[in-house]
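Shown next: model33.pdb, given as PDB, C-alpha atoms.
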ATOM      1  CA  MET A   1     -87.531  -2.085  12.700
ATOM      2  CA  SER A   2     -89.130  -3.385  15.913
ATOM      3  CA  ASN A   3     -87.627  -2.564  19.309
ATOM      4  CA  ILE A   4     -86.003  -5.266  21.426
ATOM      5  CA  THR A   5     -88.284  -6.253  24.307
ATOM      6  CA  SER A   6     -87.270  -5.703  27.925
ATOM      7  CA  ASP A   7     -86.598  -9.374  28.699
ATOM      8  CA  ALA A   8     -84.954 -10.333  25.387
ATOM      9  CA  GLU A   9     -81.233 -11.058  25.682
ATOM     10  CA  TYR A  10     -78.637  -9.369  23.525
ATOM     11  CA  TYR A  11     -74.917 -10.090  23.091
ATOM     12  CA  VAL A  12     -71.867  -8.058  22.115
ATOM     13  CA  PRO A  13     -69.281 -10.108  20.131
ATOM     14  CA  GLU A  14     -65.732  -9.893  21.434
ATOM     15  CA  TYR A  15     -64.456  -8.398  18.175
ATOM     16  CA  VAL A  16     -66.499  -5.223  18.781
ATOM     17  CA  GLU A  17     -64.223  -2.503  20.195
ATOM     18  CA  PHE A  18     -65.488   0.630  21.975
ATOM     19  CA  VAL A  19     -63.085   3.577  22.412
ATOM     20  CA  ARG A  20     -64.138   6.661  24.368
ATOM     21  CA  ILE A  21     -62.630   9.767  22.775
ATOM     22  CA  ASP A  22     -64.100  12.388  25.107
ATOM     23  CA  GLU A  23     -67.286  13.006  27.118
ATOM     24  CA  SER A  24     -69.458  13.396  24.032
ATOM     25  CA  LYS A  25     -67.668  11.320  21.404
ATOM     26  CA  ALA A  26     -66.703   7.660  20.978
ATOM     27  CA  ALA A  27     -65.881   5.158  18.243
ATOM     28  CA  ILE A  28     -67.107   1.605  17.728
ATOM     29  CA  SER A  29     -65.071  -0.617  15.441
ATOM     30  CA  THR A  30     -65.559  -4.113  14.054
ATOM     31  CA  PRO A  31     -63.303  -5.971  11.608
ATOM     32  CA  LEU A  32     -65.368  -4.535   8.730
ATOM     33  CA  SER A  33     -66.381  -1.057   9.838
ATOM     34  CA  LYS A  34     -65.817   1.868  12.175
ATOM     35  CA  LYS A  35     -68.584   4.149  13.425
ATOM     36  CA  GLU A  36     -68.453   7.391  15.384
ATOM     37  CA  ILE A  37     -70.992   8.210  18.092
ATOM     38  CA  ARG A  38     -71.700  11.672  19.435
ATOM     39  CA  GLY A  39     -73.930  13.223  22.060
ATOM     40  CA  ALA A  40     -75.850  11.893  25.044
ATOM     41  CA  SER A  41     -76.052   8.355  23.657
ATOM     42  CA  VAL A  42     -72.303   7.808  24.166
ATOM     43  CA  ASP A  43     -72.762   6.930  27.860
ATOM     44  CA  LEU A  44     -75.607   4.548  27.088
ATOM     45  CA  VAL A  45     -73.729   2.792  24.287
ATOM     46  CA  GLU A  46     -70.709   2.340  26.563
ATOM     47  CA  ASN A  47     -72.900   0.670  29.195
ATOM     48  CA  ILE A  48     -74.707  -1.467  26.632
ATOM     49  CA  ILE A  49     -71.426  -2.824  25.276
ATOM     50  CA  ALA A  50     -69.867  -3.401  28.700
ATOM     51  CA  LEU A  51     -72.924  -5.241  30.033
ATOM     52  CA  GLY A  52     -73.516  -7.194  26.830
ATOM     53  CA  ARG A  53     -70.122  -8.907  26.657
ATOM     54  CA  GLY A  54     -71.551 -11.946  28.395
ATOM     55  CA  GLY A  55     -75.169 -11.286  27.484
ATOM     56  CA  SER A  56     -77.642  -8.805  28.980
ATOM     57  CA  THR A  57     -81.186  -7.429  28.655
ATOM     58  CA  VAL A  58     -82.965  -4.083  28.453
ATOM     59  CA  SER A  59     -84.049  -4.520  32.084
ATOM     60  CA  GLU A  60     -80.480  -5.036  33.293
ATOM     61  CA  VAL A  61     -79.240  -1.978  31.411
ATOM     62  CA  ASP A  62     -82.184   0.005  32.805
ATOM     63  CA  GLN A  63     -81.144  -0.921  36.362
ATOM     64  CA  GLU A  64     -77.539   0.162  35.768
ATOM     65  CA  THR A  65     -78.214   3.479  33.990
ATOM     66  CA  ASP A  66     -80.456   6.539  34.174
ATOM     67  CA  PHE A  67     -81.893   5.988  30.701
ATOM     68  CA  SER A  68     -85.472   4.889  30.090
ATOM     69  CA  ALA A  69     -86.246   1.345  28.988
ATOM     70  CA  GLU A  70     -87.803   2.742  25.803
ATOM     71  CA  ASN A  71     -84.626   4.605  24.838
ATOM     72  CA  ILE A  72     -82.492   1.564  25.645
ATOM     73  CA  SER A  73     -84.705  -0.698  23.542
ATOM     74  CA  THR A  74     -84.660   1.732  20.608
ATOM     75  CA  LEU A  75     -80.873   2.088  20.698
ATOM     76  CA  LEU A  76     -80.380  -1.686  20.990
ATOM     77  CA  SER A  77     -82.507  -2.201  17.899
ATOM     78  CA  HIS A  78     -80.420   0.337  15.999
ATOM     79  CA  LEU A  79     -77.169  -1.327  17.132
ATOM     80  CA  GLU A  80     -78.543  -4.659  15.962
ATOM     81  CA  THR A  81     -79.168  -3.317  12.443
ATOM     82  CA  GLU A  82     -75.560  -2.039  12.467
ATOM     83  CA  ASP A  83     -74.287  -5.558  13.386
ATOM     84  CA  ILE A  84     -72.812  -4.283  16.651
ATOM     85  CA  ILE A  85     -74.996  -6.445  18.895
ATOM     86  CA  GLN A  86     -76.729  -9.760  18.313
ATOM     87  CA  THR A  87     -79.945 -11.126  19.786
ATOM     88  CA  THR A  88     -78.680 -14.692  19.689
ATOM     89  CA  ARG A  89     -75.536 -15.910  21.404
ATOM     90  CA  PRO A  90     -72.688 -15.442  18.903
ATOM     91  CA  GLU A  91     -71.427 -18.590  17.257
ATOM     92  CA  CYS A  92     -68.416 -16.730  15.938
ATOM     93  CA  ASP A  93     -66.109 -14.288  17.670
ATOM     94  CA  PHE A  94     -62.760 -12.554  17.273
ATOM     95  CA  TRP A  95     -60.900 -15.788  16.527
ATOM     96  CA  ASP A  96     -63.287 -16.831  13.748
ATOM     97  CA  TRP A  97     -62.115 -13.797  11.814
ATOM     98  CA  LEU A  98     -58.445 -14.667  12.149
ATOM     99  CA  VAL A  99     -57.695 -18.389  12.272
ATOM    100  CA  ASP A 100     -58.785 -21.706  10.794
ATOM    101  CA  SER A 101     -58.991 -23.423  14.198
ATOM    102  CA  PRO A 102     -60.713 -21.001  16.616
ATOM    103  CA  PRO A 103     -61.118 -23.554  19.466
ATOM    104  CA  GLU A 104     -57.364 -24.194  19.592
ATOM    105  CA  ALA A 105     -56.601 -20.484  19.512
ATOM    106  CA  ARG A 106     -59.089 -19.755  22.305
ATOM    107  CA  LYS A 107     -57.623 -22.560  24.384
ATOM    108  CA  SER A 108     -54.054 -21.263  23.916
ATOM    109  CA  VAL A 109     -55.051 -17.785  25.063
ATOM    110  CA  ARG A 110     -57.255 -19.005  27.900
ATOM    111  CA  GLU A 111     -54.464 -21.158  29.360
ATOM    112  CA  ALA A 112     -51.717 -18.547  28.971
ATOM    113  CA  THR A 113     -50.429 -16.177  31.650
ATOM    114  CA  ILE A 114     -49.201 -12.728  30.652
ATOM    115  CA  GLY A 115     -46.810 -10.777  32.844
ATOM    116  CA  ILE A 116     -47.373  -7.003  32.934
ATOM    117  CA  LEU A 117     -44.502  -4.738  33.998
ATOM    118  CA  GLU A 118     -44.715  -0.941  34.101
ATOM    119  CA  PRO A 119     -41.809   0.951  35.714
ATOM    120  CA  ASP A 120     -42.309   3.690  38.290
ATOM    121  CA  CYS A 121     -45.945   2.670  38.838
ATOM    122  CA  SER A 122     -46.909   4.180  35.477
ATOM    123  CA  SER A 123     -50.313   3.364  33.989
ATOM    124  CA  THR A 124     -49.562   2.744  30.337
ATOM    125  CA  PHE A 125     -52.272   0.164  29.715
ATOM    126  CA  HIS A 126     -55.988   0.943  29.950
ATOM    127  CA  GLU A 127     -57.151  -2.537  30.903
ATOM    128  CA  PHE A 128     -56.913  -6.052  29.539
ATOM    129  CA  LEU A 129     -60.400  -7.362  28.843
ATOM    130  CA  GLY A 130     -61.687 -10.826  28.106
ATOM    131  CA  GLU A 131     -60.072 -14.130  28.789
ATOM    132  CA  LEU A 132     -56.479 -12.987  29.328
ATOM    133  CA  THR A 133     -54.915 -14.019  32.632
ATOM    134  CA  THR A 134     -52.423 -11.389  33.773
ATOM    135  CA  VAL A 135     -49.875 -11.101  36.561
ATOM    136  CA  ARG A 136     -48.565  -7.647  37.447
ATOM    137  CA  LEU A 137     -44.893  -7.410  38.368
ATOM    138  CA  SER A 138     -43.641  -4.588  40.555
ATOM    139  CA  SER A 139     -40.068  -4.614  39.207
ATOM    140  CA  ILE A 140     -37.618  -6.457  36.958
ATOM    141  CA  SER A 141     -36.331  -8.319  40.021
ATOM    142  CA  ASP A 142     -39.683 -10.149  40.202
ATOM    143  CA  LEU A 143     -38.987 -11.956  36.918
ATOM    144  CA  PRO A 144     -36.893 -14.861  38.262
ATOM    145  CA  GLU A 145     -39.667 -15.756  40.715
ATOM    146  CA  THR A 146     -42.473 -15.626  38.142
ATOM    147  CA  ILE A 147     -40.731 -16.862  34.994
ATOM    148  CA  ASP A 148     -42.023 -20.431  35.252
ATOM    149  CA  ASN A 149     -45.621 -19.181  35.291
ATOM    150  CA  LEU A 150     -45.393 -16.728  32.374
ATOM    151  CA  ASP A 151     -45.919 -17.318  28.662
ATOM    152  CA  ILE A 152     -45.066 -13.760  27.633
ATOM    153  CA  LEU A 153     -43.941 -10.552  29.320
ATOM    154  CA  VAL A 154     -45.421  -7.230  28.200
ATOM    155  CA  THR A 155     -43.859  -3.972  29.369
ATOM    156  CA  GLY A 156     -45.433  -0.549  29.096
ATOM    157  CA  THR A 157     -43.604   2.760  29.413
ATOM    158  CA  ILE A 158     -44.361   6.415  28.878
ATOM    159  CA  GLY A 159     -41.246   7.584  27.067
ATOM    160  CA  ALA A 160     -38.456   5.689  25.306
ATOM    161  CA  ASN A 161     -36.827   4.677  28.625
ATOM    162  CA  PRO A 162     -33.834   2.915  26.962
ATOM    163  CA  GLU A 163     -32.109   1.963  30.233
ATOM    164  CA  PHE A 164     -35.201   0.137  31.497
ATOM    165  CA  HIS A 165     -35.656  -1.714  28.196
ATOM    166  CA  GLN A 166     -31.996  -2.667  28.070
ATOM    167  CA  ALA A 167     -32.273  -4.201  31.564
ATOM    168  CA  VAL A 168     -35.432  -6.130  30.629
ATOM    169  CA  ALA A 169     -33.787  -7.350  27.419
ATOM    170  CA  GLU A 170     -30.923  -8.856  29.403
ATOM    171  CA  GLU A 171     -33.224 -10.636  31.858
ATOM    172  CA  THR A 172     -35.706 -12.036  29.334
ATOM    173  CA  GLN A 173     -32.940 -13.276  27.047
ATOM    174  CA  LYS A 174     -31.436 -15.272  29.925
ATOM    175  CA  MET A 175     -34.836 -16.844  30.553
ATOM    176  CA  THR A 176     -35.802 -17.477  26.892
ATOM    177  CA  LEU A 177     -39.090 -15.654  27.557
ATOM    178  CA  TYR A 178     -41.143 -13.879  24.918
ATOM    179  CA  TRP A 179     -41.111 -10.136  25.587
ATOM    180  CA  LEU A 180     -43.206  -7.437  23.922
ATOM    181  CA  PRO A 181     -42.106  -3.858  24.744
ATOM    182  CA  VAL A 182     -44.847  -1.239  24.346
ATOM    183  CA  ARG A 183     -44.131   2.488  24.659
ATOM    184  CA  LEU A 184     -45.738   5.881  24.267
ATOM    185  CA  VAL A 185     -43.112   8.171  22.753
ATOM    186  CA  GLY A 186     -44.201  11.708  21.942
ATOM    187  CA  THR A 187     -47.183  11.397  19.596
ATOM    188  CA  GLU A 188     -46.468   7.778  18.670
ATOM    189  CA  VAL A 189     -47.226   4.296  19.981
ATOM    190  CA  HIS A 190     -44.281   1.911  19.557
ATOM    191  CA  LEU A 191     -44.711  -1.881  19.792
ATOM    192  CA  GLY A 192     -41.816  -4.296  19.537
ATOM    193  CA  PRO A 193     -39.576  -5.763  18.559
ATOM    194  CA  LEU A 194     -40.881  -9.046  19.951
ATOM    195  CA  SER A 195     -37.961 -10.734  21.702
ATOM    196  CA  GLY A 196     -37.389 -14.463  22.093
ATOM    197  CA  VAL A 197     -35.045 -17.256  21.142
ATOM    198  CA  GLY A 198     -33.657 -16.662  17.648
ATOM    199  CA  LYS A 199     -35.209 -13.206  17.349
ATOM    200  CA  PRO A 200     -33.505  -9.798  17.228
ATOM    201  CA  CYS A 201     -33.708  -8.103  20.626
ATOM    202  CA  TYR A 202     -34.255  -4.543  21.823
ATOM    203  CA  ASN A 203     -30.498  -4.026  21.947
ATOM    204  CA  CYS A 204     -30.265  -4.889  18.218
ATOM    205  CA  TYR A 205     -33.035  -2.391  17.476
ATOM    206  CA  ARG A 206     -31.617   0.482  19.505
ATOM    207  CA  LYS A 207     -28.017   0.090  18.348
ATOM    208  CA  ARG A 208     -29.028  -0.140  14.695
ATOM    209  CA  LEU A 209     -31.289   2.893  15.180
ATOM    210  CA  LEU A 210     -28.443   4.916  16.662
ATOM    211  CA  ALA A 211     -25.988   3.704  14.007
ATOM    212  CA  SER A 212     -28.331   4.863  11.246
ATOM    213  CA  THR A 213     -28.140   8.474  12.422
ATOM    214  CA  SER A 214     -25.397  10.897  11.493
ATOM    215  CA  ASN A 215     -24.795  11.736  15.171
ATOM    216  CA  PRO A 216     -25.612   8.781  17.490
ATOM    217  CA  ASP A 217     -24.799  10.731  20.668
ATOM    218  CA  LEU A 218     -27.153  13.551  19.679
ATOM    219  CA  HIS A 219     -29.896  11.085  18.724
ATOM    220  CA  SER A 220     -29.503   9.308  22.063
ATOM    221  CA  ARG A 221     -29.946  12.619  23.878
ATOM    222  CA  GLU A 222     -33.018  13.364  21.748
ATOM    223  CA  MET A 223     -34.533  10.038  22.810
ATOM    224  CA  VAL A 224     -34.127  11.051  26.441
ATOM    225  CA  SER A 225     -35.553  14.501  25.696
ATOM    226  CA  ARG A 226     -38.613  12.993  23.992
ATOM    227  CA  GLU A 227     -39.065  10.702  26.980
ATOM    228  CA  GLU A 228     -39.100  13.624  29.384
ATOM    229  CA  HIS A 229     -41.398  15.646  27.146
ATOM    230  CA  SER A 230     -43.854  12.774  26.743
ATOM    231  CA  ARG A 231     -44.538  12.687  30.477
ATOM    232  CA  GLN A 232     -46.261  16.105  30.333
ATOM    233  CA  PRO A 233     -49.088  16.598  29.744
ATOM    234  CA  GLU A 234     -50.811  13.321  30.534
ATOM    235  CA  TYR A 235     -52.159  11.319  27.617
ATOM    236  CA  PRO A 236     -55.963  11.100  27.250
ATOM    237  CA  GLN A 237     -57.615   7.797  28.046
ATOM    238  CA  ALA A 238     -58.284   7.104  24.366
ATOM    239  CA  VAL A 239     -54.528   6.894  23.727
ATOM    240  CA  HIS A 240     -54.088   4.271  26.438
ATOM    241  CA  GLN A 241     -57.047   2.349  24.985
ATOM    242  CA  LEU A 242     -55.448   2.405  21.531
ATOM    243  CA  LEU A 243     -52.132   1.182  22.915
ATOM    244  CA  THR A 244     -53.819  -1.585  24.914
ATOM    245  CA  SER A 245     -55.868  -2.789  21.928
ATOM    246  CA  GLN A 246     -52.748  -3.004  19.770
ATOM    247  CA  ALA A 247     -50.850  -4.819  22.507
ATOM    248  CA  ARG A 248     -53.683  -7.302  22.940
ATOM    249  CA  LEU A 249     -53.734  -8.123  19.223
ATOM    250  CA  GLU A 250     -49.995  -8.775  19.301
ATOM    251  CA  ILE A 251     -50.310 -10.953  22.424
ATOM    252  CA  ASN A 252     -53.023 -12.993  20.712
ATOM    253  CA  ALA A 253     -50.802 -13.421  17.664
ATOM    254  CA  VAL A 254     -47.908 -14.648  19.843
ATOM    255  CA  LEU A 255     -50.075 -17.164  21.677
ATOM    256  CA  ALA A 256     -51.961 -18.507  18.631
ATOM    257  CA  ASP A 257     -49.797 -20.791  16.488
ATOM    258  CA  GLU A 258     -51.570 -19.853  13.246
ATOM    259  CA  LEU A 259     -50.711 -16.161  13.437
ATOM    260  CA  ARG A 260     -47.461 -14.286  12.911
ATOM    261  CA  PRO A 261     -47.068 -11.221  15.136
ATOM    262  CA  THR A 262     -46.469  -7.943  13.318
ATOM    263  CA  THR A 263     -43.669  -7.203  15.785
ATOM    264  CA  ASP A 264     -41.754 -10.401  14.985
ATOM    265  CA  GLY A 265     -38.619  -8.814  13.549
ATOM    266  CA  SER A 266     -40.227  -5.374  13.389
ATOM    267  CA  VAL A 267     -41.281  -2.351  15.400
ATOM    268  CA  LEU A 268     -44.864  -1.229  14.776
ATOM    269  CA  ILE A 269     -45.216   2.567  15.004
ATOM    270  CA  THR A 270     -48.638   4.265  15.063
ATOM    271  CA  ASP A 271     -49.096   8.032  14.909
ATOM    272  CA  ILE A 272     -51.647   8.933  17.594
ATOM    273  CA  GLN A 273     -52.904  11.998  15.742
ATOM    274  CA  THR A 274     -53.413  10.457  12.291
ATOM    275  CA  LEU A 275     -53.645   6.732  13.222
ATOM    276  CA  GLU A 276     -51.237   5.990  10.373
ATOM    277  CA  SER A 277     -49.068   2.944  11.063
ATOM    278  CA  ASN A 278     -45.803   1.684   9.630
ATOM    279  CA  THR A 279     -43.286  -0.991  10.520
ATOM    280  CA  ARG A 280     -39.548  -0.650  10.925
ATOM    281  CA  ASP A 281     -37.651  -3.880  10.242
ATOM    282  CA  VAL A 282     -35.174  -5.035  12.884
ATOM    283  CA  LEU A 283     -32.304  -7.377  11.944
ATOM    284  CA  LYS A 284     -30.174  -9.283  14.421
ATOM    285  CA  LEU A 285     -26.986  -7.424  15.229
ATOM    286  CA  PRO A 286     -23.910  -9.620  14.621
ATOM    287  CA  GLY A 287     -22.142 -10.104  17.921
ATOM    288  CA  CYS A 288     -24.961  -8.587  19.961
ATOM    289  CA  GLU A 289     -23.951  -8.902  23.620
ATOM    290  CA  ILE A 290     -27.537  -9.839  24.591
ATOM    291  CA  CYS A 291     -28.921 -12.141  21.867
ATOM    292  CA  GLY A 292     -25.821 -12.925  19.820
ATOM    293  CA  THR A 293     -25.639 -16.555  20.932
ATOM    294  CA  ASN A 294     -29.388 -17.241  20.543
TER     295      ASN A 294
END
Encoded form using structure tokens:
Amino acid sequence: MSNITSDAEYYVPEYVEFVRIDESKAAISTPLSKKEIRGASVDLVENIIALGRGGSTVSEVDQETDFSAENISTLLSHLETEDIIQTTRPECDFWDWLVDSPPEARKSVREATIGILEPDCSSTFHEFLGELTTVRLSSISDLPETIDNLDILVTGTIGANPEFHQAVAEETQKMTLYWLPVRLVGTEVHLGPLSGVGKPCYNCYRKRLLASTSNPDLHSREMVSREEHSRQPEYPQAVHQLLTSQARLEINAVLADELRPTTDGSVLITDIQTLESNTRDVLKLPGCEICGTN
């Protein structure tokens, strides 16, 4: 294995995901594998991936970090053998793994505008990378002014926050806007259900959830209790990265015609501690006061 020279370009495909777990541990995942990194190289790998999204070189990484050019070159060569970086500009990317017509999918995402709404100035999402164009809303009252410019609304909350979601459900249903609710509840990430014309809404989900319990009033109080508990202590950054990655995949699926979102008629629930996921089906509620006529 020969080291990559200082002026040779390298590229990081968009399907490569880097998640920082703590100061000395991180994970790199691709559609076919997941690798764990430990020790001092975590910082260097994070910089290599961030700088290489659009193409970079050993010299550029050397200027941005405290690592020697020799160490950078050696690590880049190792990452190349692991198929994490490429020394030629990638001809395939995330969309080539998922759809038959990648150019159309890329165009749909590139031209779309995603509204981001987080109540009480919370910071649910880590960051939205890549080609997504986002508009941050300060409150639900901003929706009427921005509706014509949005293709989908994504909300993020820490806690179940049923009153907030009920209010958003009413507004988005009036506007026939796609809406993806994302929430951190206790030790779980909840995505969905995806709302839109002809789809079951959040009100259908919550009322069916309460009706399925032996004591709906008690369950409702437990939801509020879990919401309050989930605010303390703060979640680590890795949890917000996980939530954001899942939300981004769902957004892509909504915007690309060839894909069917997992949250279309379902709630996707991921256990933060075990990373086990399951879906909970959501059926339209007959006579639902929010989506019953759609």
Given the point (-79.6, -4.2, 28.2) in the coordinates of this file, which residues lie within 12 Å, counting only C-alpha atoms, and how would they look as a PyMOL selection string?
chain A and resi 4-12+44-65+67-77+79+85-87
Residue neighbourhood Leu242 (chain A), 8 Å, only C-alpha atoms, exclusion window fewer than 4 positions, as a ChimeraX atom specification
/A:19,238,246
Would you mind exporting the chosen residues as a PDB file, in the frame of the given file, restricted to C-alpha atoms?
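Final file, again_22.pdb:
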ATOM      1  CA  VAL A  19     -63.085   3.577  22.412  1.00  0.00           C
ATOM      2  CA  ALA A 238     -58.284   7.104  24.366  1.00  0.00           C
ATOM      3  CA  GLN A 246     -52.748  -3.004  19.770  1.00  0.00           C
TER       4      GLN A 246
END
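The coordinates place CA of Gly156 (chain A) at 4.8 Å from CA of Val182 (chain A).
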Can you translate the PyMOL selection byres ((chain A and resi 158) around 6) into the concrete residues it hits in this file, as a list in words?
Thr157, Gly159, Arg183 and Leu184 of chain A
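The space separating CA of Thr279 (chain A) from CA of His240 (chain A) comes to 19.9 Å.
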Expected selection from the PyMOL selection byres ((chain A and resi 106-123) around 9), given as an mmCIF file with C-alpha atoms, in the coordinates of the input:
data_model
loop_
_atom_site.group_PDB
_atom_site.id
_atom_site.type_symbol
_atom_site.label_atom_id
_atom_site.label_comp_id
_atom_site.auth_asym_id
_atom_site.auth_seq_id
_atom_site.Cartn_x
_atom_site.Cartn_y
_atom_site.Cartn_z
ATOM 1 C CA TRP A 95 -60.900 -15.788 16.527
ATOM 2 C CA SER A 101 -58.991 -23.423 14.198
ATOM 3 C CA PRO A 102 -60.713 -21.001 16.616
ATOM 4 C CA PRO A 103 -61.118 -23.554 19.466
ATOM 5 C CA GLU A 104 -57.364 -24.194 19.592
ATOM 6 C CA ALA A 105 -56.601 -20.484 19.512
ATOM 7 C CA THR A 124 -49.562 2.744 30.337
ATOM 8 C CA PHE A 125 -52.272 0.164 29.715
ATOM 9 C CA HIS A 126 -55.988 0.943 29.950
ATOM 10 C CA GLU A 131 -60.072 -14.130 28.789
ATOM 11 C CA LEU A 132 -56.479 -12.987 29.328
ATOM 12 C CA THR A 133 -54.915 -14.019 32.632
ATOM 13 C CA THR A 134 -52.423 -11.389 33.773
ATOM 14 C CA VAL A 135 -49.875 -11.101 36.561
ATOM 15 C CA ARG A 136 -48.565 -7.647 37.447
ATOM 16 C CA LEU A 137 -44.893 -7.410 38.368
ATOM 17 C CA SER A 138 -43.641 -4.588 40.555
ATOM 18 C CA SER A 139 -40.068 -4.614 39.207
ATOM 19 C CA ILE A 140 -37.618 -6.457 36.958
ATOM 20 C CA LEU A 143 -38.987 -11.956 36.918
ATOM 21 C CA THR A 146 -42.473 -15.626 38.142
ATOM 22 C CA ILE A 147 -40.731 -16.862 34.994
ATOM 23 C CA ASN A 149 -45.621 -19.181 35.291
ATOM 24 C CA LEU A 150 -45.393 -16.728 32.374
ATOM 25 C CA ASP A 151 -45.919 -17.318 28.662
ATOM 26 C CA ILE A 152 -45.066 -13.760 27.633
ATOM 27 C CA LEU A 153 -43.941 -10.552 29.320
ATOM 28 C CA VAL A 154 -45.421 -7.230 28.200
ATOM 29 C CA THR A 155 -43.859 -3.972 29.369
ATOM 30 C CA GLY A 156 -45.433 -0.549 29.096
ATOM 31 C CA THR A 157 -43.604 2.760 29.413
ATOM 32 C CA ILE A 158 -44.361 6.415 28.878
ATOM 33 C CA PHE A 164 -35.201 0.137 31.497
ATOM 34 C CA HIS A 240 -54.088 4.271 26.438
ATOM 35 C CA ILE A 251 -50.310 -10.953 22.424
ATOM 36 C CA ASN A 252 -53.023 -12.993 20.712
ATOM 37 C CA LEU A 255 -50.075 -17.164 21.677
ATOM 38 C CA ALA A 256 -51.961 -18.507 18.631
ATOM 39 C CA ASP A 257 -49.797 -20.791 16.488
#
